[in-house]
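Everything below belongs to my_file_16.cif, which stores mmCIF, C-alpha atoms.
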data_work
#
loop_
_atom_site.label_atom_id
_atom_site.label_comp_id
_atom_site.auth_asym_id
_atom_site.auth_seq_id
_atom_site.Cartn_x
_atom_site.Cartn_y
_atom_site.Cartn_z
CA MET O 1 19.64 14.21 -116.12
CA GLU O 2 17.18 14.35 -119.00
CA GLY O 3 13.99 12.60 -120.01
CA LYS O 4 13.49 8.87 -120.02
CA ALA O 5 17.13 8.04 -119.29
CA ALA O 6 16.95 9.86 -115.97
CA LYS O 7 13.70 8.16 -115.01
CA LYS O 8 15.13 4.79 -115.94
CA LEU O 9 18.24 5.39 -113.86
CA LEU O 10 16.27 6.47 -110.81
CA SER O 11 13.94 3.47 -111.09
CA ILE O 12 16.95 1.15 -111.18
CA VAL O 13 19.03 2.54 -108.39
CA GLY O 14 16.24 3.84 -106.17
CA SER O 15 16.75 6.62 -103.70
CA GLY O 16 19.65 5.34 -101.64
CA VAL O 17 20.53 2.52 -99.37
CA VAL O 18 18.01 1.48 -96.76
CA GLY O 19 17.61 -1.51 -94.56
CA SER O 20 17.29 -2.86 -91.06
CA MET O 21 20.02 -3.18 -88.45
CA LEU O 22 21.60 -6.21 -90.11
CA THR O 23 24.90 -7.30 -91.60
CA LEU O 24 25.99 -10.57 -93.10
CA GLY O 25 26.01 -12.85 -90.11
CA VAL O 26 25.40 -9.99 -87.68
CA VAL O 27 21.85 -9.53 -86.45
CA ALA O 28 19.97 -7.20 -84.17
CA ASN O 29 18.69 -8.85 -81.03
CA THR O 30 15.04 -7.87 -81.16
CA ASP O 31 12.41 -10.56 -80.72
CA TRP O 32 10.16 -9.80 -83.73
CA LEU O 33 6.74 -11.44 -83.65
CA GLY O 34 5.85 -10.36 -87.14
CA SER O 35 8.76 5.84 -89.18
CA PRO O 36 8.80 5.86 -85.36
CA LYS O 37 6.01 8.03 -84.03
CA GLU O 38 5.62 9.91 -80.78
CA VAL O 39 3.51 7.96 -78.30
CA GLU O 40 1.94 9.75 -75.39
CA SER O 41 2.33 8.38 -71.86
CA ALA O 42 -0.77 6.82 -70.35
CA ASN O 43 -1.95 7.60 -66.85
CA ILE O 44 -2.16 4.10 -65.39
CA ASP O 45 -3.25 3.71 -61.80
CA THR O 46 -0.26 2.18 -60.08
CA PRO O 47 1.58 2.76 -56.80
CA THR O 48 4.28 5.43 -56.61
CA TYR O 49 7.61 3.97 -55.54
CA GLU O 50 10.48 5.56 -53.71
CA VAL O 51 13.36 6.10 -56.14
CA GLU O 52 16.70 4.56 -55.40
CA LYS O 53 19.98 4.88 -57.29
CA VAL O 54 21.90 1.72 -58.05
CA SER O 55 25.04 1.61 -55.92
CA THR O 56 28.24 1.45 -57.91
CA ALA O 57 30.34 0.41 -54.93
CA PRO O 58 31.80 -3.11 -55.23
CA THR O 59 29.71 -5.71 -53.43
CA ASP O 60 30.71 -9.02 -51.90
CA SER O 61 28.11 -10.81 -54.00
CA LEU O 62 27.45 -10.68 -57.72
CA ALA O 63 23.88 -11.65 -56.86
CA ASP O 64 23.49 -8.48 -54.79
CA MET O 65 24.60 -6.34 -57.73
CA VAL O 66 22.26 -8.15 -60.13
CA GLU O 67 19.34 -7.82 -57.71
CA GLN O 68 19.85 -4.06 -57.49
CA SER O 69 20.56 -3.45 -61.18
CA SER O 70 17.76 -5.63 -62.55
CA LYS O 71 15.15 -3.22 -61.20
CA ALA O 72 16.27 -0.71 -63.84
CA ILE O 73 15.91 -3.13 -66.76
CA VAL O 74 12.58 -2.99 -68.59
CA GLY O 75 10.89 -4.85 -71.40
CA VAL O 76 9.99 -2.79 -74.47
CA VAL O 77 7.10 -3.80 -76.71
CA ASN O 78 6.67 -2.40 -80.24
CA TYR O 79 3.01 -2.22 -81.36
CA GLN O 80 2.19 -1.68 -85.02
CA THR O 81 -0.93 -1.70 -87.16
CA PRO O 82 -0.68 -4.47 -89.75
CA GLY O 83 -1.93 -3.99 -93.31
CA ASN O 84 -4.02 -0.92 -94.08
CA ARG O 85 -3.89 1.28 -90.99
CA PHE O 86 -6.89 3.26 -92.31
CA ALA O 87 -9.17 0.22 -92.29
CA GLU O 88 -11.96 0.44 -89.73
CA ALA O 89 -11.01 -2.86 -88.12
CA ALA O 90 -7.28 -2.11 -87.95
CA THR O 91 -5.86 -2.56 -84.45
CA GLU O 92 -2.37 -2.24 -83.08
CA GLN O 93 -0.68 -5.57 -82.59
CA MET O 94 2.56 -6.59 -80.89
CA ALA O 95 5.24 -6.54 -83.60
CA GLY O 96 8.34 -7.22 -81.52
CA THR O 97 9.94 -7.01 -78.10
CA GLY O 98 13.27 -5.84 -76.77
CA SER O 99 14.85 -4.44 -73.64
CA GLY O 100 15.58 -1.01 -72.20
CA VAL O 101 17.45 0.60 -69.31
CA ILE O 102 16.21 3.32 -66.95
CA TYR O 103 19.17 5.69 -66.70
CA LYS O 104 17.62 8.83 -65.18
CA ILE O 105 14.68 9.81 -62.98
CA ASP O 106 13.77 13.45 -62.38
CA ASP O 107 10.85 15.17 -60.62
CA LYS O 108 8.33 14.11 -63.28
CA TYR O 109 9.69 11.43 -65.57
CA ALA O 110 11.90 8.39 -65.91
CA TYR O 111 14.11 8.08 -69.00
CA ILE O 112 14.86 4.82 -70.79
CA VAL O 113 17.57 4.09 -73.34
CA THR O 114 16.98 1.30 -75.85
CA ASN O 115 17.89 0.46 -79.45
CA ASN O 116 16.35 2.29 -82.40
CA HIS O 117 15.60 -1.00 -84.12
CA VAL O 118 13.54 -2.10 -81.11
CA ILE O 119 11.02 0.75 -81.51
CA GLU O 120 11.37 1.56 -85.22
CA GLY O 121 8.01 1.77 -86.98
CA ALA O 122 6.01 1.63 -83.74
CA GLN O 123 2.56 3.20 -83.46
CA LYS O 124 2.58 2.53 -79.72
CA ILE O 125 5.36 1.66 -77.27
CA GLU O 126 4.79 -0.11 -73.98
CA VAL O 127 7.32 -0.93 -71.29
CA THR O 128 7.13 -3.62 -68.64
CA LEU O 129 8.90 -2.75 -65.40
CA ASP O 130 9.95 -4.54 -62.26
CA LYS O 131 7.17 -6.69 -60.77
CA GLY O 132 5.30 -6.73 -64.09
CA VAL O 133 3.98 -3.16 -63.96
CA LYS O 134 3.19 -1.87 -67.49
CA ALA O 135 3.31 1.70 -68.75
CA SER O 136 2.88 3.40 -72.11
CA ALA O 137 5.95 5.34 -73.23
CA LYS O 138 6.65 8.49 -75.20
CA LEU O 139 9.41 8.41 -77.79
CA LEU O 140 11.66 11.42 -77.15
CA GLY O 141 14.23 10.81 -79.85
CA THR O 142 15.87 8.16 -81.99
CA ASP O 143 18.86 7.74 -84.28
CA ALA O 144 19.03 4.90 -86.78
CA LEU O 145 22.74 5.16 -87.57
CA THR O 146 23.88 4.70 -83.97
CA ASP O 147 20.87 2.48 -83.10
CA ILE O 148 19.95 4.44 -79.97
CA ALA O 149 16.51 5.67 -78.85
CA VAL O 150 15.23 7.42 -75.71
CA LEU O 151 11.81 6.81 -74.15
CA GLN O 152 10.01 8.66 -71.37
CA ILE O 153 7.53 7.34 -68.81
CA ASP O 154 5.89 8.81 -65.73
CA LYS O 155 8.18 8.87 -62.72
CA LYS O 156 5.67 6.92 -60.61
CA PHE O 157 6.44 3.72 -62.52
CA ALA O 158 10.19 3.73 -61.85
CA THR O 159 12.05 2.71 -58.71
CA THR O 160 15.69 2.50 -59.82
CA ALA O 161 18.06 4.16 -62.28
CA VAL O 162 21.45 2.82 -63.34
CA THR O 163 24.76 4.64 -63.49
CA PHE O 164 26.85 4.77 -66.66
CA GLY O 165 30.44 3.64 -66.28
CA ASP O 166 33.49 4.69 -68.31
CA SER O 167 33.77 2.30 -71.26
CA SER O 168 37.22 3.64 -72.12
CA LEU O 169 38.58 1.87 -69.01
CA LEU O 170 37.53 -1.59 -70.25
CA ARG O 171 40.15 -4.21 -70.99
CA ALA O 172 39.88 -7.52 -72.78
CA GLY O 173 39.22 -10.15 -70.12
CA ASP O 174 37.15 -7.90 -67.81
CA SER O 175 34.08 -9.66 -66.44
CA VAL O 176 30.71 -8.37 -67.67
CA ILE O 177 27.06 -9.21 -67.03
CA ALA O 178 24.22 -8.87 -69.55
CA ILE O 179 20.66 -8.37 -68.29
CA GLY O 180 17.67 -8.28 -70.62
CA ASN O 181 14.66 -10.11 -71.98
CA PRO O 182 15.83 -12.80 -74.44
CA LEU O 183 13.08 -14.46 -76.47
CA GLY O 184 10.42 -12.11 -75.14
CA LEU O 185 8.97 -11.01 -71.82
CA ASP O 186 8.48 -14.58 -70.57
CA PHE O 187 12.24 -14.60 -69.89
CA SER O 188 12.45 -11.05 -68.55
CA GLY O 189 15.40 -10.23 -66.33
CA THR O 190 17.61 -13.00 -67.69
CA VAL O 191 21.20 -12.66 -66.47
CA THR O 192 24.25 -13.98 -68.33
CA LYS O 193 27.91 -13.58 -67.47
CA GLY O 194 31.02 -13.43 -69.64
CA ILE O 195 34.08 -11.39 -70.42
CA VAL O 196 35.04 -8.55 -72.73
CA SER O 197 36.44 -10.24 -75.82
CA SER O 198 37.50 -6.96 -77.45
CA VAL O 199 37.12 -3.37 -76.33
CA SER O 200 36.66 -2.10 -79.89
CA ARG O 201 35.33 -3.78 -83.00
CA THR O 202 34.26 -2.01 -86.18
CA LEU O 203 31.19 -3.48 -87.89
CA ASP O 204 29.62 -2.55 -91.22
CA VAL O 205 25.85 -2.31 -90.77
CA ASN O 206 22.86 -1.45 -92.93
CA THR O 207 20.30 0.79 -91.25
CA SER O 208 17.13 2.55 -92.31
CA ALA O 209 19.26 5.72 -92.56
CA GLY O 210 21.91 4.11 -94.78
CA THR O 211 25.11 2.13 -94.44
CA TRP O 212 27.34 2.83 -91.46
CA GLN O 213 30.38 1.65 -89.54
CA THR O 214 29.74 1.23 -85.84
CA GLU O 215 32.29 0.86 -83.05
CA VAL O 216 31.21 -1.75 -80.50
CA ILE O 217 32.36 -3.80 -77.50
CA GLN O 218 32.60 -7.53 -78.18
CA THR O 219 31.56 -9.91 -75.41
CA ASP O 220 30.95 -13.63 -75.01
CA ALA O 221 28.11 -13.09 -72.51
CA ALA O 222 25.06 -14.80 -74.03
CA ILE O 223 22.97 -12.26 -75.96
CA ASN O 224 19.86 -13.53 -77.74
CA SER O 225 16.84 -12.14 -79.58
CA GLY O 226 15.07 -9.76 -77.22
CA ASN O 227 18.27 -8.65 -75.47
CA SER O 228 18.53 -5.60 -77.75
CA GLY O 229 18.53 -2.42 -75.69
CA GLY O 230 19.47 -4.24 -72.50
CA ALA O 231 22.46 -3.42 -70.35
CA LEU O 232 25.99 -4.75 -70.27
CA PHE O 233 27.27 -4.20 -66.72
CA ASN O 234 30.69 -4.32 -65.15
CA THR O 235 31.02 -6.07 -61.79
CA ALA O 236 30.54 -2.75 -59.94
CA GLY O 237 27.02 -2.49 -61.35
CA GLU O 238 27.82 0.28 -63.85
CA VAL O 239 26.43 0.15 -67.39
CA ILE O 240 29.37 0.02 -69.78
CA GLY O 241 27.37 -0.84 -72.91
CA ILE O 242 23.93 -1.23 -74.48
CA ASN O 243 23.51 -4.65 -76.08
CA SER O 244 22.69 -4.39 -79.76
CA LEU O 245 24.01 -7.12 -82.06
CA LYS O 246 25.25 -10.67 -82.23
CA VAL O 247 26.80 -12.97 -84.82
CA ALA O 248 24.17 -15.48 -85.87
CA GLN O 249 25.80 -18.13 -88.03
CA SER O 250 25.79 -21.89 -87.84
CA GLY O 251 28.58 -23.05 -85.56
CA VAL O 252 29.15 -19.60 -84.04
CA GLU O 253 28.53 -19.00 -80.34
CA GLY O 254 29.40 -16.31 -77.84
CA ILE O 255 29.99 -13.34 -80.15
CA GLY O 256 27.82 -10.42 -79.12
CA PHE O 257 28.22 -6.65 -79.37
CA ALA O 258 27.29 -3.63 -77.26
CA ILE O 259 27.36 0.10 -77.94
CA PRO O 260 29.96 1.66 -75.56
CA SER O 261 28.53 3.65 -72.66
CA ASN O 262 30.66 6.72 -73.41
CA GLU O 263 28.98 7.02 -76.80
CA VAL O 264 25.54 6.27 -75.35
CA LYS O 265 25.86 9.05 -72.74
CA THR O 266 26.49 11.67 -75.43
CA LEU O 267 23.72 10.38 -77.68
CA VAL O 268 20.98 10.25 -75.04
CA GLU O 269 21.66 13.85 -74.05
CA GLN O 270 21.18 15.05 -77.64
CA LEU O 271 18.15 12.84 -78.26
CA THR O 272 16.44 14.01 -75.07
CA GLU O 273 17.05 17.65 -75.85
CA LYS O 274 16.57 17.75 -79.63
CA GLY O 275 14.86 14.49 -80.62
CA GLN O 276 17.56 13.66 -83.15
CA ILE O 277 21.31 13.73 -83.69
CA GLU O 278 22.11 16.81 -85.72
CA ARG O 279 24.74 16.22 -88.37
CA PRO O 280 26.01 18.01 -91.49
CA TYR O 281 23.32 17.47 -94.14
CA LEU O 282 24.02 17.28 -97.87
CA GLY O 283 20.48 16.53 -99.05
CA VAL O 284 21.08 13.85 -101.68
CA SER O 285 20.07 10.29 -102.45
CA LEU O 286 23.00 8.10 -103.48
CA ALA O 287 23.83 4.88 -105.29
CA GLU O 288 27.08 2.92 -105.41
CA LEU O 289 28.80 2.90 -108.79
CA ALA O 290 28.58 -0.90 -108.84
CA GLU O 291 24.77 -0.56 -108.88
CA ILE O 292 24.72 1.77 -111.89
CA PRO O 293 24.20 0.35 -115.41
CA TYR O 294 27.27 0.77 -117.59
CA MET O 295 25.54 3.14 -120.00
CA TYR O 296 25.38 5.78 -117.25
CA VAL O 297 29.03 5.57 -116.20
CA LYS O 298 30.72 4.87 -119.53
CA ASP O 299 32.00 8.46 -119.77
CA LEU O 300 33.93 8.23 -116.48
CA PRO O 301 37.72 8.14 -116.88
CA GLU O 302 39.25 4.70 -116.33
CA ALA O 303 41.22 6.14 -113.41
CA VAL O 304 37.97 6.58 -111.44
CA LYS O 305 37.58 3.33 -109.50
CA GLY O 306 35.21 4.46 -106.74
CA GLY O 307 32.62 7.03 -105.86
CA VAL O 308 28.87 7.49 -105.46
CA MET O 309 26.31 8.74 -107.94
CA VAL O 310 23.72 11.34 -106.99
CA THR O 311 20.28 9.92 -107.80
CA GLY O 312 18.15 12.58 -106.17
CA ILE O 313 18.48 16.08 -104.69
CA GLU O 314 16.25 17.60 -102.03
CA PRO O 315 15.01 21.07 -102.98
CA ASN O 316 16.72 23.93 -101.12
CA SER O 317 19.23 21.54 -99.53
CA ALA O 318 22.96 22.21 -99.31
CA ALA O 319 23.49 20.10 -102.45
CA ASP O 320 20.80 21.99 -104.35
CA GLN O 321 22.19 25.37 -103.37
CA ALA O 322 25.70 24.30 -104.38
CA GLY O 323 24.53 23.26 -107.84
CA LEU O 324 24.92 19.49 -107.59
CA LYS O 325 22.88 17.59 -110.17
CA GLU O 326 21.48 14.12 -110.58
CA GLN O 327 24.01 11.74 -112.19
CA ASP O 328 26.94 13.67 -110.72
CA VAL O 329 29.54 11.22 -109.40
CA ILE O 330 31.16 12.28 -106.10
CA THR O 331 34.73 11.01 -105.74
CA GLU O 332 36.40 13.28 -103.15
CA ILE O 333 35.68 15.66 -100.26
CA ASN O 334 38.42 18.15 -99.41
CA GLY O 335 40.87 15.98 -101.34
CA GLU O 336 40.02 12.75 -99.50
CA SER O 337 38.81 9.87 -101.68
CA ILE O 338 35.19 8.75 -101.32
CA ASP O 339 34.64 5.23 -102.64
CA ASN O 340 31.11 4.54 -101.38
CA SER O 341 28.16 6.08 -99.53
CA MET O 342 29.36 4.85 -96.15
CA GLU O 343 32.69 6.65 -96.56
CA LEU O 344 30.79 9.80 -97.51
CA ARG O 345 28.68 9.64 -94.33
CA LYS O 346 31.69 8.87 -92.15
CA TYR O 347 33.55 11.89 -93.51
CA LEU O 348 30.58 14.24 -93.11
CA TYR O 349 29.72 13.09 -89.60
CA SER O 350 33.22 12.75 -88.17
CA LYS O 351 35.17 15.56 -89.86
CA LEU O 352 32.61 18.28 -90.57
CA GLN O 353 30.14 20.30 -88.55
CA ILE O 354 26.93 22.13 -89.40
CA GLY O 355 27.86 25.40 -91.10
CA ASN O 356 31.21 24.13 -92.43
CA LYS O 357 32.16 24.47 -96.08
CA ALA O 358 33.81 21.71 -98.10
CA ASN O 359 35.11 21.25 -101.64
CA ILE O 360 33.50 18.26 -103.32
CA THR O 361 35.09 16.71 -106.41
CA ILE O 362 32.56 15.44 -108.92
CA TYR O 363 32.47 14.06 -112.43
CA ARG O 364 29.68 15.47 -114.62
CA ASN O 365 29.33 14.07 -118.12
CA GLY O 366 32.81 12.66 -117.72
CA GLU O 367 34.36 16.02 -116.81
CA LYS O 368 36.05 16.62 -113.46
CA GLN O 369 34.71 19.60 -111.50
CA GLN O 370 34.91 21.18 -108.04
CA VAL O 371 31.80 22.23 -106.11
CA SER O 372 31.84 24.22 -102.86
CA VAL O 373 29.14 23.17 -100.39
CA LYS O 374 28.06 24.83 -97.14
CA PHE O 375 26.44 22.21 -94.92
CA SER O 376 23.14 22.68 -93.16
CA GLY O 377 21.81 20.48 -90.37
CA GLY O 378 19.64 17.40 -90.69
CA GLN O 379 19.76 13.70 -91.38
CA MET O 380 21.02 12.17 -94.60
CA LYS O 381 18.43 10.11 -96.44
#
Entire entry expressed as structure tokens:
Amino acid sequence: MEGKAAKKLLSIVGSGVVGSMLTLGVVANTDWLGSPKEVESANIDTPTYEVEKVSTAPTDSLADMVEQSSKAIVGVVNYQTPGNRFAEAATEQMAGTGSGVIYKIDDKYAYIVTNNHVIEGAQKIEVTLDKGVKASAKLLGTDALTDIAVLQIDKKFATTAVTFGDSSLLRAGDSVIAIGNPLGLDFSGTVTKGIVSSVSRTLDVNTSAGTWQTEVIQTDAAINSGNSGGALFNTAGEVIGINSLKVAQSGVEGIGFAIPSNEVKTLVEQLTEKGQIERPYLGVSLAELAEIPYMYVKDLPEAVKGGVMVTGIEPNSAADQAGLKEQDVITEINGESIDNSMELRKYLYSKLQIGNKANITIYRNGEKQQVSVKFSGGQMK
């Protein structure tokens, strides 16, 4: 790209697709009152409780299961500094609330899974546990694309940890129970019951890391703002999903979504160990062809109906080392068509691994070319 034309293009298309965990009619269930940072745990003087593991054996009473499982459900509060955080009078204020689930307790710490969008942008994270006990939390890791985050608190605050069930065994019509904090902490521990409406739905979402397709469980158990990060249980008391989204349209009721437990189990392990989900990293900013002014795509052959334009390249990234340039239009990877940025991410993250090589088909100044790329690790911007 050269001179003023390049600057004009970049100012028009920006540096890629960003956003919050929203789709048309699909919203994240965080109760908002108005880049995540690590928050250190506070030493709060509170009694140390004996740890118990939630029983997964069937009980004669649903109430017994709820009573046991609810002890592992926490409220999560996102504190942010409004306005100029460097101002002398700036103080952290509650920005939003959600839910979380204690899934593991070891010799020192308790570990909580919640949604990324619950804690995104937080300067401080606080959790409210059973009986109203509060504790500051440390953010161990988070992933915007899958909307999962892991928090850590001192073991002394936790009494109960849940057990993950096998979400692959779910069937439409299975009974499920959602436990969380709809509409804020005043309604903490709210329990709703429903059924699995579908074991697998694919939703297009916009996240702060770009567009994505997420596979979720659909349920008609009532899920409202503040339920995000809470648990979806089966009747044995096993967590089979983490509540994340709902359809919020006039005249629509009982359509909520949860991230399957089998996916959550894999994600929390990586986030706890590495702080992020490592994926093949290209190192580019992208824009959809539909967003590009005609003058910048007029040289493309008429046969090219889809693709993404490179609007920025990170120095020393895989794209930079392979010789990709701004205004290149990517149309294929290893012979598979790429029509938009979401398809590019899906291909990289599902079919390639760090260290793999791939042939990328591009159009540069209207000419078709092949570029070989060796992928490093990181997160696409």
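Distance annotation: of O:Pro315, O:Pro82, O:Gly100, O:Gly141, the residue with the minimal separation from O:Lys274 is O:Gly141; atom set is only C-alpha atoms.
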Where does the PyMOL selection byres ((chain O and resi 152) around 6) land in this file, that is, which residues does it pick, as a count of residues only?
6
Here's the selection I'm unsure about, the PyMOL selection byres ((chain O and resi 346) around 12); applied to the file above, which residues does it give, as a PyMOL selection string?
chain O and resi 145+204+210-214+279-280+333+336-345+347-352+380
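For the choices O:Ser317, O:Asn224, O:Asp147, O:Ser198, the atom-to-atom distance to O:Pro182 is smallest for O:Asn224 when using only C-alpha atoms.
Interatomic distance, atom CA of O:Glu238 against atom CA of O:Lys108: 23.9 Å.
The two atoms in question, atom CA of O:Met295 and atom CA of O:Gln369, are spaced 20.7 Å apart.
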Carefully work through the PyMOL selection byres ((chain O and resi 321) around 12) for this structure and note down the residues it includes, as a ChimeraX atom specification.
/O:282-284,313-320,322-325,371-376
For C-alpha atoms, I'd like the residues from the last selection saved as a short mmCIF file (atom, residue, chain, number, x, y, z; two decimals), keeping the file's coordinate frame.
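out.cif was written with the following content:
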data_model
loop_
_atom_site.label_atom_id
_atom_site.label_comp_id
_atom_site.auth_asym_id
_atom_site.auth_seq_id
_atom_site.Cartn_x
_atom_site.Cartn_y
_atom_site.Cartn_z
CA LEU O 282 24.02 17.28 -97.87
CA GLY O 283 20.48 16.53 -99.05
CA VAL O 284 21.08 13.85 -101.68
CA ILE O 313 18.48 16.08 -104.69
CA GLU O 314 16.25 17.60 -102.03
CA PRO O 315 15.01 21.07 -102.98
CA ASN O 316 16.72 23.93 -101.12
CA SER O 317 19.23 21.54 -99.53
CA ALA O 318 22.96 22.21 -99.31
CA ALA O 319 23.49 20.10 -102.45
CA ASP O 320 20.80 21.99 -104.35
CA ALA O 322 25.70 24.30 -104.38
CA GLY O 323 24.53 23.26 -107.84
CA LEU O 324 24.92 19.49 -107.59
CA LYS O 325 22.88 17.59 -110.17
CA VAL O 371 31.80 22.23 -106.11
CA SER O 372 31.84 24.22 -102.86
CA VAL O 373 29.14 23.17 -100.39
CA LYS O 374 28.06 24.83 -97.14
CA PHE O 375 26.44 22.21 -94.92
CA SER O 376 23.14 22.68 -93.16
#
Contacts of O:Gln93 at 8 Å (only C-alpha atoms; same-chain gap of 2+ positions) as a CSV table (one decimal) with C-alpha atoms, in the coordinates of the input:
chain,number,residue,atom,x,y,z
O,79,TYR,CA,3.0,-2.2,-81.4
O,80,GLN,CA,2.2,-1.7,-85.0
O,81,THR,CA,-0.9,-1.7,-87.2
O,82,PRO,CA,-0.7,-4.5,-89.8
O,91,THR,CA,-5.9,-2.6,-84.4
O,95,ALA,CA,5.2,-6.5,-83.6
Quote the spacing between atom CA of O:Ala358 and atom CA of O:Glu291 in Å to one decimal place.
26.3 Å
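Closest to O:Ala178 among O:Ala149, O:Ile242, O:Val162, O:Ser225 is O:Ile242, based on only C-alpha atoms.
If all atoms listed in the file are the atoms counted, then among O:Ile148, O:Leu185, O:Leu169, O:Ile360 the closest residue to O:Leu129 is O:Leu185.
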Residues at most 9 Å from O:Gly275, counting all atoms listed in the file, excluding those fewer than 5 positions away in the same chain, as a PyMOL selection string?
chain O and resi 139-143+150+270
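Taking only C-alpha atoms into account, O:Lys155 lies nearest to O:Ile112 out of the set O:Ala63, O:Val264, O:Ile112, O:Leu286.
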